[in-house]
$ cat data.cif   # mmCIF, C-alpha atoms
data_entry
loop_
_atom_site.group_PDB
_atom_site.id
_atom_site.type_symbol
_atom_site.label_atom_id
_atom_site.label_comp_id
_atom_site.auth_asym_id
_atom_site.auth_seq_id
_atom_site.Cartn_x
_atom_site.Cartn_y
_atom_site.Cartn_z
ATOM 1 C CA MET A 26 87.785 110.950 -118.243
ATOM 2 C CA ALA A 27 85.113 113.187 -119.754
ATOM 3 C CA LEU A 28 86.803 112.969 -123.157
ATOM 4 C CA PHE A 29 86.889 109.168 -122.938
ATOM 5 C CA LEU A 30 83.177 109.016 -122.049
ATOM 6 C CA GLU A 31 82.417 111.348 -124.952
ATOM 7 C CA GLN A 32 84.253 109.054 -127.360
ATOM 8 C CA MET A 33 82.400 106.063 -125.906
ATOM 9 C CA LEU A 34 79.103 107.823 -126.615
ATOM 10 C CA ASN A 35 80.305 108.625 -130.136
ATOM 11 C CA GLY A 36 81.101 104.940 -130.602
ATOM 12 C CA LEU A 37 77.691 103.967 -129.252
ATOM 13 C CA GLN A 38 75.994 106.384 -131.633
ATOM 14 C CA PHE A 39 77.962 105.016 -134.595
ATOM 15 C CA GLY A 40 77.183 101.485 -133.480
ATOM 16 C CA VAL A 41 73.459 102.228 -133.320
ATOM 17 C CA MET A 42 73.553 103.554 -136.884
ATOM 18 C CA LEU A 43 75.355 100.389 -137.983
ATOM 19 C CA PHE A 44 72.743 98.270 -136.211
ATOM 20 C CA LEU A 45 69.864 99.852 -138.129
ATOM 21 C CA LEU A 46 71.596 98.941 -141.370
ATOM 22 C CA ALA A 47 72.849 95.538 -140.237
ATOM 23 C CA ALA A 48 69.478 94.506 -138.787
ATOM 24 C CA GLY A 49 67.767 94.992 -142.147
ATOM 25 C CA LEU A 50 70.593 93.315 -144.012
ATOM 26 C CA THR A 51 70.681 90.282 -141.731
ATOM 27 C CA LEU A 52 66.881 89.967 -141.839
ATOM 28 C CA ILE A 53 66.982 89.847 -145.630
ATOM 29 C CA PHE A 54 69.896 87.438 -145.774
ATOM 30 C CA GLY A 55 68.733 85.281 -142.879
ATOM 31 C CA ILE A 56 65.212 84.789 -144.239
ATOM 32 C CA MET A 57 65.749 84.887 -147.996
ATOM 33 C CA GLY A 58 69.400 83.987 -148.420
ATOM 34 C CA VAL A 59 69.853 86.971 -150.743
ATOM 35 C CA ILE A 60 73.127 88.910 -150.810
ATOM 36 C CA ASN A 61 71.749 92.427 -151.232
ATOM 37 C CA LEU A 62 74.567 94.791 -152.174
ATOM 38 C CA ALA A 63 71.991 97.511 -152.882
ATOM 39 C CA HIS A 64 71.047 97.801 -149.198
ATOM 40 C CA GLY A 65 73.306 100.828 -148.897
ATOM 41 C CA SER A 66 71.465 102.446 -151.799
ATOM 42 C CA ILE A 67 68.212 102.253 -149.818
ATOM 43 C CA TYR A 68 70.050 104.012 -146.980
ATOM 44 C CA MET A 69 70.906 106.716 -149.503
ATOM 45 C CA VAL A 70 67.288 106.902 -150.711
ATOM 46 C CA GLY A 71 66.098 107.434 -147.139
ATOM 47 C CA ALA A 72 68.687 110.142 -146.566
ATOM 48 C CA TYR A 73 67.800 112.035 -149.754
ATOM 49 C CA ALA A 74 64.023 111.689 -149.365
ATOM 50 C CA GLY A 75 64.081 112.779 -145.730
ATOM 51 C CA THR A 76 66.503 115.657 -146.263
ATOM 52 C CA TRP A 77 64.692 116.998 -149.337
ATOM 53 C CA VAL A 78 61.253 116.913 -147.691
ATOM 54 C CA ALA A 79 62.657 118.518 -144.540
ATOM 55 C CA MET A 80 64.244 121.293 -146.637
ATOM 56 C CA VAL A 81 61.025 121.941 -148.587
ATOM 57 C CA THR A 82 58.586 121.789 -145.665
ATOM 58 C CA GLY A 83 60.851 122.954 -142.857
ATOM 59 C CA SER A 84 59.718 119.978 -140.774
ATOM 60 C CA PHE A 85 62.221 117.312 -139.770
ATOM 61 C CA LEU A 86 59.375 115.056 -138.620
ATOM 62 C CA LEU A 87 57.805 115.103 -142.088
ATOM 63 C CA GLY A 88 61.239 114.315 -143.471
ATOM 64 C CA VAL A 89 61.462 111.229 -141.257
ATOM 65 C CA VAL A 90 58.021 110.054 -142.409
ATOM 66 C CA ALA A 91 58.973 110.625 -146.046
ATOM 67 C CA ALA A 92 62.256 108.756 -145.610
ATOM 68 C CA LEU A 93 60.587 105.741 -144.024
ATOM 69 C CA ALA A 94 57.869 105.639 -146.669
ATOM 70 C CA ALA A 95 60.292 106.062 -149.578
ATOM 71 C CA ALA A 96 62.718 103.434 -148.296
ATOM 72 C CA ALA A 97 59.976 100.888 -147.540
ATOM 73 C CA LEU A 98 58.278 101.391 -150.908
ATOM 74 C CA VAL A 99 61.548 101.230 -152.841
ATOM 75 C CA GLY A 100 62.557 98.103 -150.925
ATOM 76 C CA ALA A 101 59.224 96.366 -151.493
ATOM 77 C CA ALA A 102 59.284 97.292 -155.189
ATOM 78 C CA MET A 103 62.866 96.040 -155.494
ATOM 79 C CA GLU A 104 61.886 92.690 -153.979
ATOM 80 C CA PHE A 105 58.741 92.349 -156.100
ATOM 81 C CA LEU A 106 60.300 93.325 -159.426
ATOM 82 C CA ILE A 107 63.867 92.018 -159.211
ATOM 83 C CA VAL A 108 64.964 90.137 -156.088
ATOM 84 C CA ARG A 109 62.031 87.699 -156.248
ATOM 85 C CA ARG A 110 63.535 86.258 -159.431
ATOM 86 C CA LEU A 111 66.882 85.625 -157.741
ATOM 87 C CA TYR A 112 65.949 83.381 -154.803
ATOM 88 C CA LYS A 113 66.857 80.137 -156.533
ATOM 89 C CA ARG A 114 69.639 81.598 -158.636
ATOM 90 C CA ASP A 115 73.345 81.320 -158.042
ATOM 91 C CA PRO A 116 74.726 83.775 -155.419
ATOM 92 C CA LEU A 117 76.857 85.333 -158.135
ATOM 93 C CA ASP A 118 73.665 86.303 -159.984
ATOM 94 C CA GLN A 119 72.408 87.981 -156.808
ATOM 95 C CA VAL A 120 75.653 89.895 -156.408
ATOM 96 C CA LEU A 121 75.684 91.074 -160.032
ATOM 97 C CA ALA A 122 72.006 92.070 -160.030
ATOM 98 C CA THR A 123 72.167 94.029 -156.775
ATOM 99 C CA PHE A 124 75.471 95.635 -157.815
ATOM 100 C CA ALA A 125 73.730 96.813 -160.979
ATOM 101 C CA LEU A 126 71.024 98.321 -158.759
ATOM 102 C CA ILE A 127 73.702 100.361 -156.973
ATOM 103 C CA LEU A 128 74.724 101.952 -160.282
ATOM 104 C CA ILE A 129 71.094 102.546 -161.258
ATOM 105 C CA PHE A 130 70.206 104.190 -157.935
ATOM 106 C CA ASN A 131 73.293 106.404 -158.050
ATOM 107 C CA GLN A 132 72.436 107.626 -161.533
ATOM 108 C CA LEU A 133 68.775 108.214 -160.679
ATOM 109 C CA VAL A 134 69.691 110.230 -157.607
ATOM 110 C CA THR A 135 72.209 112.218 -159.658
ATOM 111 C CA LEU A 136 69.523 113.020 -162.237
ATOM 112 C CA LEU A 137 67.043 114.099 -159.551
ATOM 113 C CA PHE A 138 69.297 116.018 -157.149
ATOM 114 C CA GLY A 139 72.585 116.582 -158.970
ATOM 115 C CA ARG A 140 76.049 115.737 -157.659
ATOM 116 C CA GLN A 141 76.238 118.465 -155.036
ATOM 117 C CA PRO A 142 75.709 117.155 -151.491
ATOM 118 C CA LEU A 143 72.632 118.152 -149.512
ATOM 119 C CA PHE A 144 73.078 119.390 -145.958
ATOM 120 C CA ALA A 145 70.172 118.832 -143.587
ATOM 121 C CA SER A 146 69.610 121.332 -140.807
ATOM 122 C CA MET A 147 69.486 120.117 -137.233
ATOM 123 C CA PRO A 148 65.900 119.826 -135.925
ATOM 124 C CA SER A 149 65.230 122.716 -133.547
ATOM 125 C CA LEU A 150 63.889 120.522 -130.754
ATOM 126 C CA LEU A 151 67.047 118.413 -130.794
ATOM 127 C CA GLY A 152 69.580 121.193 -131.248
ATOM 128 C CA GLY A 153 72.151 122.216 -128.688
ATOM 129 C CA SER A 154 73.911 120.139 -126.067
ATOM 130 C CA VAL A 155 73.199 118.849 -122.592
ATOM 131 C CA GLN A 156 75.530 118.272 -119.647
ATOM 132 C CA LEU A 157 75.466 114.581 -118.748
ATOM 133 C CA LEU A 158 78.256 114.680 -116.154
ATOM 134 C CA PRO A 159 80.578 117.391 -114.840
ATOM 135 C CA GLY A 160 82.798 118.242 -117.800
ATOM 136 C CA LEU A 161 80.798 116.050 -120.213
ATOM 137 C CA VAL A 162 78.609 118.045 -122.605
ATOM 138 C CA TYR A 163 77.066 116.047 -125.427
ATOM 139 C CA PRO A 164 74.830 116.979 -128.405
ATOM 140 C CA VAL A 165 71.150 116.276 -127.839
ATOM 141 C CA TYR A 166 70.690 115.009 -131.394
ATOM 142 C CA ARG A 167 73.316 112.292 -130.990
ATOM 143 C CA ILE A 168 71.648 111.207 -127.747
ATOM 144 C CA ALA A 169 68.347 111.029 -129.641
ATOM 145 C CA ILE A 170 69.960 108.762 -132.259
ATOM 146 C CA ILE A 171 71.174 106.404 -129.525
ATOM 147 C CA VAL A 172 67.735 106.326 -127.881
ATOM 148 C CA VAL A 173 65.921 105.702 -131.174
ATOM 149 C CA GLY A 174 68.319 102.915 -132.103
ATOM 150 C CA LEU A 175 67.899 101.180 -128.745
ATOM 151 C CA LEU A 176 64.108 101.487 -128.997
ATOM 152 C CA VAL A 177 64.194 99.979 -132.484
ATOM 153 C CA ALA A 178 66.331 97.105 -131.208
ATOM 154 C CA PHE A 179 63.843 96.458 -128.393
ATOM 155 C CA GLY A 180 60.940 96.660 -130.844
ATOM 156 C CA LEU A 181 62.586 94.147 -133.172
ATOM 157 C CA TYR A 182 63.161 91.806 -130.229
ATOM 158 C CA LEU A 183 59.483 91.969 -129.298
ATOM 159 C CA MET A 184 58.354 91.524 -132.896
ATOM 160 C CA ILE A 185 60.543 88.486 -133.542
ATOM 161 C CA ASN A 186 59.924 86.744 -130.217
ATOM 162 C CA ARG A 187 56.390 87.803 -129.244
ATOM 163 C CA THR A 188 54.296 88.132 -132.413
ATOM 164 C CA ARG A 189 52.853 85.874 -135.093
ATOM 165 C CA MET A 190 54.844 87.787 -137.683
ATOM 166 C CA GLY A 191 58.019 87.026 -135.769
ATOM 167 C CA MET A 192 57.071 83.367 -135.513
ATOM 168 C CA LEU A 193 56.699 83.205 -139.294
ATOM 169 C CA VAL A 194 60.018 85.014 -139.761
ATOM 170 C CA ARG A 195 61.814 82.549 -137.479
ATOM 171 C CA ALA A 196 60.125 79.594 -139.148
ATOM 172 C CA GLY A 197 60.934 80.945 -142.602
ATOM 173 C CA SER A 198 64.596 81.287 -141.710
ATOM 174 C CA THR A 199 64.692 77.637 -140.600
ATOM 175 C CA ASN A 200 62.486 75.824 -143.122
ATOM 176 C CA ARG A 201 60.791 77.954 -145.748
ATOM 177 C CA GLU A 202 59.333 74.950 -147.584
ATOM 178 C CA MET A 203 57.480 73.809 -144.466
ATOM 179 C CA VAL A 204 56.111 77.320 -143.951
ATOM 180 C CA ARG A 205 54.847 77.314 -147.529
ATOM 181 C CA ALA A 206 53.308 73.870 -147.035
ATOM 182 C CA LEU A 207 51.360 75.156 -144.020
ATOM 183 C CA GLY A 208 49.556 77.645 -146.245
ATOM 184 C CA VAL A 209 51.565 80.788 -145.530
ATOM 185 C CA ASP A 210 52.005 83.127 -148.482
ATOM 186 C CA ILE A 211 55.787 82.991 -148.428
ATOM 187 C CA ARG A 212 56.099 85.547 -151.235
ATOM 188 C CA MET A 213 54.136 88.116 -149.239
ATOM 189 C CA LEU A 214 56.231 87.314 -146.169
ATOM 190 C CA TYR A 215 59.398 87.933 -148.169
ATOM 191 C CA THR A 216 58.091 91.260 -149.465
ATOM 192 C CA VAL A 217 57.151 92.395 -145.951
ATOM 193 C CA VAL A 218 60.532 91.373 -144.538
ATOM 194 C CA PHE A 219 62.384 93.094 -147.376
ATOM 195 C CA GLY A 220 60.292 96.226 -146.876
ATOM 196 C CA LEU A 221 61.009 96.177 -143.135
ATOM 197 C CA GLY A 222 64.738 95.846 -143.749
ATOM 198 C CA ALA A 223 64.582 98.730 -146.219
ATOM 199 C CA LEU A 224 62.610 100.848 -143.731
ATOM 200 C CA LEU A 225 65.342 100.397 -141.118
ATOM 201 C CA ALA A 226 67.969 101.437 -143.666
ATOM 202 C CA GLY A 227 65.901 104.511 -144.534
ATOM 203 C CA LEU A 228 65.644 105.418 -140.853
ATOM 204 C CA ALA A 229 69.422 105.221 -140.542
ATOM 205 C CA GLY A 230 69.785 107.409 -143.627
ATOM 206 C CA VAL A 231 67.474 110.198 -142.497
ATOM 207 C CA MET A 232 69.040 110.265 -139.021
ATOM 208 C CA ALA A 233 72.501 110.544 -140.571
ATOM 209 C CA GLY A 234 71.424 113.566 -142.631
ATOM 210 C CA PRO A 235 72.054 116.293 -140.026
ATOM 211 C CA ILE A 236 75.505 114.943 -139.063
ATOM 212 C CA LEU A 237 76.810 113.755 -142.445
ATOM 213 C CA ALA A 238 76.732 115.107 -145.979
ATOM 214 C CA VAL A 239 73.911 113.522 -147.985
ATOM 215 C CA GLN A 240 75.574 112.653 -151.269
ATOM 216 C CA VAL A 241 75.601 110.176 -154.131
ATOM 217 C CA GLY A 242 77.411 106.987 -153.190
ATOM 218 C CA MET A 243 77.053 107.443 -149.432
ATOM 219 C CA GLY A 244 75.543 103.970 -149.174
ATOM 220 C CA GLU A 245 78.623 102.196 -150.480
ATOM 221 C CA GLN A 246 80.798 103.955 -147.906
ATOM 222 C CA ILE A 247 79.025 102.291 -145.006
ATOM 223 C CA LEU A 248 77.902 99.049 -146.659
ATOM 224 C CA ILE A 249 81.232 97.250 -146.213
ATOM 225 C CA THR A 250 81.269 98.067 -142.499
ATOM 226 C CA THR A 251 77.696 96.809 -142.277
ATOM 227 C CA PHE A 252 78.686 93.485 -143.823
ATOM 228 C CA VAL A 253 81.483 93.216 -141.250
ATOM 229 C CA VAL A 254 78.873 93.683 -138.498
ATOM 230 C CA VAL A 255 76.706 90.916 -139.984
ATOM 231 C CA VAL A 256 79.653 88.515 -140.238
ATOM 232 C CA VAL A 257 80.953 89.221 -136.728
ATOM 233 C CA GLY A 258 77.513 89.005 -135.147
ATOM 234 C CA GLY A 259 76.550 85.837 -137.013
ATOM 235 C CA VAL A 260 74.809 85.762 -140.383
ATOM 236 C CA GLY A 261 71.052 85.898 -139.870
ATOM 237 C CA SER A 262 71.186 86.836 -136.158
ATOM 238 C CA ILE A 263 69.515 90.098 -135.091
ATOM 239 C CA ARG A 264 70.926 89.697 -131.583
ATOM 240 C CA GLY A 265 74.386 89.200 -133.052
ATOM 241 C CA ALA A 266 73.989 92.262 -135.275
ATOM 242 C CA PHE A 267 73.065 94.351 -132.223
ATOM 243 C CA PHE A 268 76.040 93.390 -130.070
ATOM 244 C CA ALA A 269 78.481 93.346 -132.986
ATOM 245 C CA SER A 270 77.423 96.808 -134.162
ATOM 246 C CA LEU A 271 77.941 98.319 -130.709
ATOM 247 C CA LEU A 272 81.282 96.537 -130.324
ATOM 248 C CA LEU A 273 82.590 97.589 -133.729
ATOM 249 C CA GLY A 274 81.262 101.134 -133.365
ATOM 250 C CA VAL A 275 83.074 101.637 -130.059
ATOM 251 C CA VAL A 276 86.285 99.940 -131.230
ATOM 252 C CA ASP A 277 86.442 101.956 -134.451
ATOM 253 C CA THR A 278 85.793 105.250 -132.650
ATOM 254 C CA LEU A 279 88.315 104.648 -129.865
ATOM 255 C CA LEU A 280 91.039 103.536 -132.290
ATOM 256 C CA ARG A 281 90.585 106.629 -134.446
ATOM 257 C CA ALA A 282 90.514 108.899 -131.404
ATOM 258 C CA TYR A 283 93.414 107.516 -129.366
ATOM 259 C CA LEU A 284 95.763 105.360 -131.447
ATOM 260 C CA PRO A 285 97.576 108.206 -133.291
ATOM 261 C CA SER A 286 98.187 110.094 -130.031
ATOM 262 C CA MET A 287 99.475 106.929 -128.339
ATOM 263 C CA LEU A 288 101.928 106.285 -131.175
ATOM 264 C CA ARG A 289 103.268 109.841 -130.907
ATOM 265 C CA HIS A 290 105.049 108.786 -127.715
ATOM 266 C CA VAL A 291 107.277 106.387 -129.641
ATOM 267 C CA MET A 292 107.682 107.978 -133.089
ATOM 268 C CA ALA A 293 107.502 111.250 -134.994
ATOM 269 C CA VAL A 294 104.139 113.022 -135.113
ATOM 270 C CA SER A 295 103.674 112.703 -138.880
ATOM 271 C CA GLU A 296 104.582 109.016 -138.851
ATOM 272 C CA ALA A 297 102.363 108.365 -135.815
ATOM 273 C CA ASP A 298 99.381 110.062 -137.429
ATOM 274 C CA ALA A 299 99.812 108.150 -140.696
ATOM 275 C CA LEU A 300 100.389 104.768 -139.044
ATOM 276 C CA GLY A 301 97.699 105.305 -136.427
ATOM 277 C CA SER A 302 95.110 106.291 -139.014
ATOM 278 C CA GLY A 303 95.989 103.277 -141.142
ATOM 279 C CA ILE A 304 95.759 100.801 -138.282
ATOM 280 C CA ALA A 305 92.544 102.405 -137.021
ATOM 281 C CA SER A 306 91.011 102.001 -140.478
ATOM 282 C CA MET A 307 91.883 98.304 -140.382
ATOM 283 C CA GLY A 308 90.811 97.821 -136.776
ATOM 284 C CA ILE A 309 87.343 96.387 -137.316
ATOM 285 C CA TYR A 310 88.616 94.036 -140.037
ATOM 286 C CA LEU A 311 91.340 92.737 -137.735
ATOM 287 C CA LEU A 312 88.691 92.242 -135.054
ATOM 288 C CA MET A 313 86.543 90.356 -137.547
ATOM 289 C CA ALA A 314 89.459 88.062 -138.367
ATOM 290 C CA VAL A 315 90.043 87.329 -134.674
ATOM 291 C CA VAL A 316 86.351 86.601 -134.055
ATOM 292 C CA LEU A 317 86.141 84.268 -137.056
ATOM 293 C CA LEU A 318 89.251 82.390 -135.912
ATOM 294 C CA ILE A 319 87.603 81.748 -132.545
ATOM 295 C CA ARG A 320 83.972 81.463 -133.663
ATOM 296 C CA PRO A 321 83.730 80.787 -137.417
ATOM 297 C CA LYS A 322 79.932 81.321 -137.400
ATOM 298 C CA GLY A 323 80.142 84.646 -135.597
ATOM 299 C CA LEU A 324 79.267 85.607 -132.040
ATOM 300 C CA PHE A 325 75.730 84.204 -132.157
ATOM 301 C CA ALA A 326 74.055 81.388 -134.043
ATOM 302 C CA SER A 327 71.603 82.249 -136.791
ATOM 303 C CA ASN A 328 68.404 82.117 -134.754
ATOM 304 C CA LEU A 329 67.356 85.720 -135.243
#

$ encode --input "data.cif" --output "structure tokens"
Amino acid sequence: MALFLEQMLNGLQFGVMLFLLAAGLTLIFGIMGVINLAHGSIYMVGAYAGTWVAMVTGSFLLGVVAALAAAALVGAAMEFLIVRRLYKRDPLDQVLATFALILIFNQLVTLLFGRQPLFASMPSLLGGSVQLLPGLVYPVYRIAIIVVGLLVAFGLYLMINRTRMGMLVRAGSTNREMVRALGVDIRMLYTVVFGLGALLAGLAGVMAGPILAVQVGMGEQILITTFVVVVVGGVGSIRGAFFASLLLGVVDTLLRAYLPSMLRHVMAVSEADALGSGIASMGIYLLMAVVLLIRPKGLFASNL
């Protein structure tokens, strides 16, 4: 039982990380209609900026601040210099342009930091483990990730549903021409939204630093899963991204943890491990196919 609860917490932690990425991605797509393949690169920028500053200063908190600032600035600059010219272009142009940005970011990071991965040290205040239940000991840092992710989700809910900024975001996702006609600087709104989405990606990146290797190309590894979250939750829906990320995080973790061992009861160990790992890797995509068969627009409508 304790092992199952531990895997559930691992799935929740993975789901929270996916939500931080998916929330920014669905904000950008829901408001602007831009397919931003370079969103994972901003995740990488946040991870590198935060890890490098933390290594130089010895302060994880300064690393978090640096990651958020770097990701937000890079995102805003990307929107202002490149993405702004793609709003009325064909989606294929958006895909090609943002794919080119992936290559550019990877090369820039390689020039600055080299190809060797960086390994961030665990912040001292969040090191160690805590006993949650008898027999269930869980790392404090992973609990902190879950708490931060849930707080961010709550903050986004308040911003979108209780503030003027959120009202403009919701209006812009429904009828951007009417928002422009009412005198709102829609270009500035787009830049702010893009910067906010990039900031969330940077936060995910810097939090992943102490538990994953910070390396070139790390953004592409998680980007596909993030797109699956957006599709399952409903394109443009923050609420959908939240529930879909938790669902997919838990499903992926449980399949990887238990499916090979279950298959060992009916076949050889080597075959069970190979088949179980393969099916587990496909699990979230099979779930996406089932969801789209039942609800072609995803779990939630695009109402942010």

$ atom_distance --input "data.cif" --atom1 "CA of Gly191 (chain A)" --atom2 "CA of Ile211 (chain A)"
13.5 Å

$ residues_around --input "data.cif" --residues "region 112-115 of chain A" --least-positions-apart "5" --cutoff "9 Å" --atoms "all atoms listed in the file" --output "short mmCIF file (atom, residue, chain, number, x, y, z; two decimals) with C-alpha atoms, in the coordinates of the input"
data_model
loop_
_atom_site.label_atom_id
_atom_site.label_comp_id
_atom_site.auth_asym_id
_atom_site.auth_seq_id
_atom_site.Cartn_x
_atom_site.Cartn_y
_atom_site.Cartn_z
CA MET A 57 65.75 84.89 -148.00
CA GLY A 58 69.40 83.99 -148.42
CA VAL A 59 69.85 86.97 -150.74
#

$ atom_distance --input "data.cif" --atom1 "CA of Ala269 (chain A)" --atom2 "CA of Ile319 (chain A)"
14.8 Å

$ atom_distance --input "data.cif" --atom1 "CA of Leu126 (chain A)" --atom2 "CA of Gly242 (chain A)"
12.1 Å

$ resolve_selection --input "data.cif" --expression "the PyMOL selection byres ((chain A and resi 270) around 8)" --output "number ranges by chain"
A: 40-41, 43-44, 47, 254, 258, 266-269, 271-274

$ closest_residue --input "data.cif" --among "A:Thr188, A:Gln240, A:Gln141, A:Thr250" --to "Ala74 (chain A)" --atoms "all atoms listed in the file"
A:Gln240

$ closest_residue --input "data.cif" --among "A:Leu30, A:Ile56, A:Leu151, A:Leu288" --to "Val260 (chain A)" --atoms "all atoms listed in the file"
A:Ile56

$ closest_residue --input "data.cif" --among "A:Leu86, A:Val291, A:Leu158, A:Met26" --to "Val231 (chain A)" --atoms "only C-alpha atoms"
A:Leu86

$ closest_atom_pairs --input "data.cif" --of "region 87-129 of chain A" --to "region 212-229 of chain A" --cutoff "7 Å" --atoms "only C-alpha atoms" --output "CSV"
residue,atom,partner,partner_atom,distance
A:Ala92,CA,A:Gly227,CA,5.7
A:Leu93,CA,A:Leu224,CA,5.3
A:Ala96,CA,A:Gly227,CA,5.0
A:Ala97,CA,A:Leu224,CA,4.6
A:Leu98,CA,A:Gly220,CA,6.9
A:Gly100,CA,A:Gly220,CA,5.0
A:Ala101,CA,A:Gly220,CA,4.7
A:Glu104,CA,A:Thr216,CA,6.1
A:Phe105,CA,A:Thr216,CA,6.8

$ axis_aligned_box --input "data.cif" --around "region 89-101 of chain A" --padding-each-side "3 Å" --output "AutoDock Vina command-line options"
--center_x 60.3 --center_y 103.8 --center_z -147.0 --size_x 10.8 --size_y 20.9 --size_z 17.6

$ residues_around --input "data.cif" --residues "region 133-135 of chain A" --least-positions-apart "5" --cutoff "12 Å" --atoms "only C-alpha atoms" --output "list in words"
Ser66, Ile67, Met69, Val70, Gly71, Ala72, Tyr73, Ala74, Trp77, Leu126, Ile127, Leu128, Arg140, Gln141, Pro142, Leu143, Val239, Gln240, Val241, Gly242 and Met243 of chain A

$ write_last_selection --input "data.cif" --atoms "C-alpha atoms" --output "compact mmCIF listing (two decimals), keeping the file's coordinate frame"
# COMPACT_ATOMS: atom_id res chain seq x y z
CA SER A 66 71.46 102.45 -151.80
CA ILE A 67 68.21 102.25 -149.82
CA MET A 69 70.91 106.72 -149.50
CA VAL A 70 67.29 106.90 -150.71
CA GLY A 71 66.10 107.43 -147.14
CA ALA A 72 68.69 110.14 -146.57
CA TYR A 73 67.80 112.04 -149.75
CA ALA A 74 64.02 111.69 -149.36
CA TRP A 77 64.69 117.00 -149.34
CA LEU A 126 71.02 98.32 -158.76
CA ILE A 127 73.70 100.36 -156.97
CA LEU A 128 74.72 101.95 -160.28
CA ARG A 140 76.05 115.74 -157.66
CA GLN A 141 76.24 118.46 -155.04
CA PRO A 142 75.71 117.16 -151.49
CA LEU A 143 72.63 118.15 -149.51
CA VAL A 239 73.91 113.52 -147.99
CA GLN A 240 75.57 112.65 -151.27
CA VAL A 241 75.60 110.18 -154.13
CA GLY A 242 77.41 106.99 -153.19
CA MET A 243 77.05 107.44 -149.43

$ closest_residue --input "data.cif" --among "A:Ala282, A:Ile263, A:Ala122, A:Ile129" --to "Met184 (chain A)" --atoms "all atoms listed in the file"
A:Ile263
